[in-house]
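Undergrad: Have a look at this one before I ask anything.
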Amino acid sequence: MTIEDLAEHAMVLLDLPLSADYFLSFFDATAVKPYISERTRDMAVARSLVANGFGYSIVNFRPVGTLA
């Protein structure tokens, strides 16, 4: 899947200092604008939103557990 493919889907943005800019830079590099449906500063909330179909998310680390 490419950034262009993701642009048409809802994104749950993990809106933390530095992280949000880093994730959005993937889109800036391709001049594609993401559709941000939700923003959160809490990883557990982001995982829950994704699990409940509110969109996809991008994270730069692997969560310790598989349950949220």
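Following the order of the structure tokens, first chain is A, next is B, and so on, with residues numbered from 1 inside each chain and ligands from 1 in the order they appear.
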Hey, what's within 7 Å of stretch 12-27 of chain A if we count only C-alpha atoms and toss same-chain stuff fewer than 6 positions away? As a list in words, please?
TA: Ile3, Lys33, Pro34, Ile36, Ser37, Glu38, Arg39, Thr40, Arg41, Met43, Ala46, Gly55, Tyr56, Ser57 and Ile58 of chain A
Undergrad: Pull all heavy atoms from the residues just selected and write them as a compact mmCIF listing (two decimals), in the first residue's frame.
TA:
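Below is the file out.txt, written as the result:
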# COMPACT_ATOMS: atom_id res chain seq x y z
N ILE A 3 1.26 5.72 0.05
CA ILE A 3 0.65 6.91 0.67
C ILE A 3 -0.55 7.36 -0.17
O ILE A 3 -1.58 7.76 0.37
CB ILE A 3 1.70 8.04 0.80
CG1 ILE A 3 2.72 7.68 1.88
CG2 ILE A 3 1.04 9.37 1.10
CD1 ILE A 3 2.15 7.54 3.28
N LYS A 33 -2.80 14.89 0.45
CA LYS A 33 -3.34 15.35 1.72
C LYS A 33 -4.13 14.23 2.39
O LYS A 33 -5.03 13.67 1.78
CB LYS A 33 -4.25 16.55 1.45
CG LYS A 33 -4.31 17.48 2.59
CD LYS A 33 -4.94 18.77 2.19
CE LYS A 33 -5.22 19.49 3.45
NZ LYS A 33 -4.96 20.79 3.60
N PRO A 34 -3.82 13.90 3.65
CA PRO A 34 -4.56 12.85 4.33
C PRO A 34 -5.94 13.33 4.79
O PRO A 34 -6.14 14.51 5.03
CB PRO A 34 -3.69 12.52 5.54
CG PRO A 34 -3.01 13.81 5.85
CD PRO A 34 -2.77 14.46 4.50
N ILE A 36 -7.95 13.23 7.80
CA ILE A 36 -7.82 12.95 9.23
C ILE A 36 -9.22 12.98 9.85
O ILE A 36 -9.85 14.03 9.93
CB ILE A 36 -6.90 13.97 9.92
CG1 ILE A 36 -5.51 13.92 9.30
CG2 ILE A 36 -6.84 13.71 11.43
CD1 ILE A 36 -4.58 15.01 9.75
N SER A 37 -9.68 11.80 10.27
CA SER A 37 -11.02 11.70 10.84
C SER A 37 -11.01 11.94 12.35
O SER A 37 -11.98 12.45 12.91
CB SER A 37 -11.63 10.33 10.55
OG SER A 37 -10.87 9.31 11.15
N GLU A 38 -9.92 11.55 13.00
CA GLU A 38 -9.81 11.70 14.46
C GLU A 38 -8.37 12.03 14.82
O GLU A 38 -7.43 11.60 14.14
CB GLU A 38 -10.19 10.39 15.17
CG GLU A 38 -11.57 9.87 14.87
CD GLU A 38 -12.68 10.70 15.47
OE1 GLU A 38 -12.44 11.45 16.44
OE2 GLU A 38 -13.80 10.62 14.95
N ARG A 39 -8.19 12.76 15.91
CA ARG A 39 -6.86 13.07 16.47
C ARG A 39 -6.89 12.68 17.94
O ARG A 39 -7.87 12.94 18.63
CB ARG A 39 -6.55 14.56 16.38
CG ARG A 39 -6.36 15.08 14.98
CD ARG A 39 -6.18 16.60 15.02
NE ARG A 39 -5.96 17.12 13.71
CZ ARG A 39 -4.77 17.47 13.22
NH1 ARG A 39 -3.70 17.36 13.99
NH2 ARG A 39 -4.64 17.91 12.00
N THR A 40 -5.82 12.11 18.41
CA THR A 40 -5.71 11.77 19.82
C THR A 40 -4.25 11.81 20.24
O THR A 40 -3.35 11.60 19.43
CB THR A 40 -6.33 10.39 20.14
OG1 THR A 40 -6.22 10.16 21.55
CG2 THR A 40 -5.62 9.27 19.40
N ARG A 41 -4.02 12.07 21.51
CA ARG A 41 -2.67 12.06 22.07
C ARG A 41 -2.42 10.78 22.87
O ARG A 41 -1.38 10.63 23.47
CB ARG A 41 -2.46 13.28 22.97
CG ARG A 41 -2.46 14.58 22.20
CD ARG A 41 -2.27 15.77 23.12
NE ARG A 41 -2.11 16.97 22.36
CZ ARG A 41 -0.93 17.52 22.07
NH1 ARG A 41 0.17 16.97 22.51
NH2 ARG A 41 -0.87 18.63 21.37
N MET A 43 -2.18 6.66 22.85
CA MET A 43 -2.00 5.48 22.00
C MET A 43 -3.13 4.47 22.18
O MET A 43 -3.61 3.88 21.21
CB MET A 43 -0.65 4.83 22.30
CG MET A 43 -0.36 3.60 21.50
SD MET A 43 -0.29 3.96 19.75
CE MET A 43 0.03 2.35 19.13
N ALA A 46 -6.10 5.69 20.25
CA ALA A 46 -5.87 5.49 18.81
C ALA A 46 -6.11 4.04 18.42
O ALA A 46 -6.79 3.75 17.43
CB ALA A 46 -4.45 5.91 18.44
N GLY A 55 -10.79 4.37 11.28
CA GLY A 55 -9.72 4.66 10.33
C GLY A 55 -8.48 3.85 10.63
O GLY A 55 -8.48 2.98 11.48
N TYR A 56 -7.41 4.19 9.91
CA TYR A 56 -6.11 3.55 10.12
C TYR A 56 -5.23 4.53 10.90
O TYR A 56 -5.56 5.72 11.03
CB TYR A 56 -5.44 3.21 8.77
CG TYR A 56 -4.98 4.42 8.03
CD1 TYR A 56 -3.71 4.93 8.21
CD2 TYR A 56 -5.84 5.11 7.17
CE1 TYR A 56 -3.29 6.07 7.55
CE2 TYR A 56 -5.44 6.24 6.51
CZ TYR A 56 -4.16 6.72 6.71
OH TYR A 56 -3.75 7.86 6.07
N SER A 57 -4.15 4.04 11.42
CA SER A 57 -3.20 4.91 12.09
C SER A 57 -1.78 4.47 11.73
O SER A 57 -1.57 3.33 11.31
CB SER A 57 -3.40 4.86 13.61
OG SER A 57 -2.66 5.88 14.23
N ILE A 58 -0.85 5.37 11.90
CA ILE A 58 0.57 5.09 11.68
C ILE A 58 1.27 5.34 13.01
O ILE A 58 1.06 6.38 13.64
CB ILE A 58 1.18 6.01 10.60
CG1 ILE A 58 0.43 5.87 9.29
CG2 ILE A 58 2.66 5.72 10.44
CD1 ILE A 58 0.83 6.88 8.23
Undergrad: Determine, counting only C-alpha atoms, which protein, DNA and RNA residues have an atom within 12 Å of an atom of A:Glu4; residues of the same chain fewer than 3 positions away are not included. Present the result as a ChimeraX atom specification.
TA: /A:1,7-9,26-35
Undergrad: Write down as a ChimeraX atom specification the residues of chain A whose backbone DSSP state falls under strand (DSSP E).
TA: /A:10-14,35-40
Undergrad: For the selection you just gave me, I'd like the residues written to a file as a compact mmCIF listing (two decimals), in the first residue's frame, keeping all heavy atoms.
TA:
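Dumped everything to again_29.txt:
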# COMPACT_ATOMS: atom_id res chain seq x y z
N ALA A 10 -9.92 7.18 5.97
CA ALA A 10 -9.87 7.99 7.19
C ALA A 10 -8.64 7.63 8.01
O ALA A 10 -8.29 6.47 8.16
CB ALA A 10 -11.13 7.75 8.01
N MET A 11 -7.99 8.65 8.55
CA MET A 11 -6.78 8.47 9.37
C MET A 11 -7.06 8.87 10.81
O MET A 11 -7.68 9.89 11.07
CB MET A 11 -5.65 9.33 8.82
CG MET A 11 -4.37 9.26 9.61
SD MET A 11 -3.14 10.39 8.93
CE MET A 11 -1.66 9.78 9.70
N VAL A 12 -6.60 8.04 11.74
CA VAL A 12 -6.60 8.38 13.16
C VAL A 12 -5.18 8.84 13.46
O VAL A 12 -4.25 8.04 13.46
CB VAL A 12 -6.99 7.16 14.03
CG1 VAL A 12 -6.87 7.51 15.50
CG2 VAL A 12 -8.40 6.69 13.69
N LEU A 13 -5.01 10.13 13.67
CA LEU A 13 -3.68 10.70 13.86
C LEU A 13 -3.27 10.65 15.32
O LEU A 13 -3.97 11.19 16.18
CB LEU A 13 -3.64 12.14 13.35
CG LEU A 13 -2.30 12.85 13.48
CD1 LEU A 13 -1.22 12.18 12.65
CD2 LEU A 13 -2.45 14.32 13.08
N LEU A 14 -2.14 10.00 15.60
CA LEU A 14 -1.55 10.05 16.93
C LEU A 14 -0.86 11.40 17.03
O LEU A 14 0.22 11.61 16.49
CB LEU A 14 -0.56 8.89 17.13
CG LEU A 14 0.02 8.73 18.52
CD1 LEU A 14 -1.08 8.56 19.57
CD2 LEU A 14 0.98 7.56 18.56
N TYR A 35 -6.87 12.39 4.89
CA TYR A 35 -8.19 12.68 5.44
C TYR A 35 -8.13 12.27 6.91
O TYR A 35 -8.21 11.09 7.24
CB TYR A 35 -9.27 11.91 4.69
CG TYR A 35 -10.58 11.84 5.41
CD1 TYR A 35 -11.20 12.99 5.90
CD2 TYR A 35 -11.20 10.62 5.63
CE1 TYR A 35 -12.40 12.91 6.59
CE2 TYR A 35 -12.40 10.53 6.32
CZ TYR A 35 -12.99 11.68 6.79
OH TYR A 35 -14.17 11.60 7.48
N ILE A 36 -7.95 13.23 7.80
CA ILE A 36 -7.82 12.95 9.23
C ILE A 36 -9.22 12.98 9.85
O ILE A 36 -9.85 14.03 9.93
CB ILE A 36 -6.90 13.97 9.92
CG1 ILE A 36 -5.51 13.92 9.30
CG2 ILE A 36 -6.84 13.71 11.43
CD1 ILE A 36 -4.58 15.01 9.75
N SER A 37 -9.68 11.80 10.27
CA SER A 37 -11.02 11.70 10.84
C SER A 37 -11.01 11.94 12.35
O SER A 37 -11.98 12.45 12.91
CB SER A 37 -11.63 10.33 10.55
OG SER A 37 -10.87 9.31 11.15
N GLU A 38 -9.92 11.55 13.00
CA GLU A 38 -9.81 11.70 14.46
C GLU A 38 -8.37 12.03 14.82
O GLU A 38 -7.43 11.60 14.14
CB GLU A 38 -10.19 10.39 15.17
CG GLU A 38 -11.57 9.87 14.87
CD GLU A 38 -12.68 10.70 15.47
OE1 GLU A 38 -12.44 11.45 16.44
OE2 GLU A 38 -13.80 10.62 14.95
N ARG A 39 -8.19 12.76 15.91
CA ARG A 39 -6.86 13.07 16.47
C ARG A 39 -6.89 12.68 17.94
O ARG A 39 -7.87 12.94 18.63
CB ARG A 39 -6.55 14.56 16.38
CG ARG A 39 -6.36 15.08 14.98
CD ARG A 39 -6.18 16.60 15.02
NE ARG A 39 -5.96 17.12 13.71
CZ ARG A 39 -4.77 17.47 13.22
NH1 ARG A 39 -3.70 17.36 13.99
NH2 ARG A 39 -4.64 17.91 12.00
N THR A 40 -5.82 12.11 18.41
CA THR A 40 -5.71 11.77 19.82
C THR A 40 -4.25 11.81 20.24
O THR A 40 -3.35 11.60 19.43
CB THR A 40 -6.33 10.39 20.14
OG1 THR A 40 -6.22 10.16 21.55
CG2 THR A 40 -5.62 9.27 19.40
Undergrad: Please list as JSON, numbers by chain every residue within 12 Å of A:Pro63, counting only C-alpha atoms and excluding residues in the same chain fewer than 2 positions away.
TA: {"A": [43, 44, 46, 47, 58, 59, 60, 61, 65, 66, 67, 68]}
Undergrad: Check chain A with DSSP on the backbone and list each residue it calls helix (DSSP H, G or I), as a ChimeraX atom specification.
TA: /A:3-6,19-28,43-51
Undergrad: Output C-alpha atoms for every residue in that selection, as a compact mmCIF listing (two decimals), in the first residue's frame.
TA:
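Once everything was written out, this is again-v4.txt:
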# COMPACT_ATOMS: atom_id res chain seq x y z
CA ILE A 3 0.65 6.91 0.67
CA GLU A 4 -1.54 7.66 -2.34
CA ASP A 5 -3.68 4.60 -1.50
CA LEU A 6 -4.08 5.77 2.11
CA SER A 19 5.19 12.41 16.01
CA ALA A 20 2.32 14.11 14.19
CA ASP A 21 4.73 16.16 12.07
CA TYR A 22 6.72 13.02 11.30
CA PHE A 23 3.65 11.01 10.22
CA LEU A 24 2.26 13.87 8.14
CA SER A 25 5.63 14.36 6.44
CA PHE A 26 5.00 11.09 4.56
CA PHE A 27 2.11 12.83 2.84
CA ASP A 28 3.96 16.12 2.35
CA MET A 43 -2.00 5.48 22.00
CA ALA A 44 -4.69 3.33 23.65
CA VAL A 45 -7.42 5.61 22.29
CA ALA A 46 -5.87 5.49 18.81
CA ARG A 47 -5.80 1.68 18.90
CA SER A 48 -9.41 1.58 20.06
CA LEU A 49 -10.53 3.96 17.31
CA VAL A 50 -8.78 1.84 14.68
CA ALA A 51 -10.21 -1.37 16.14
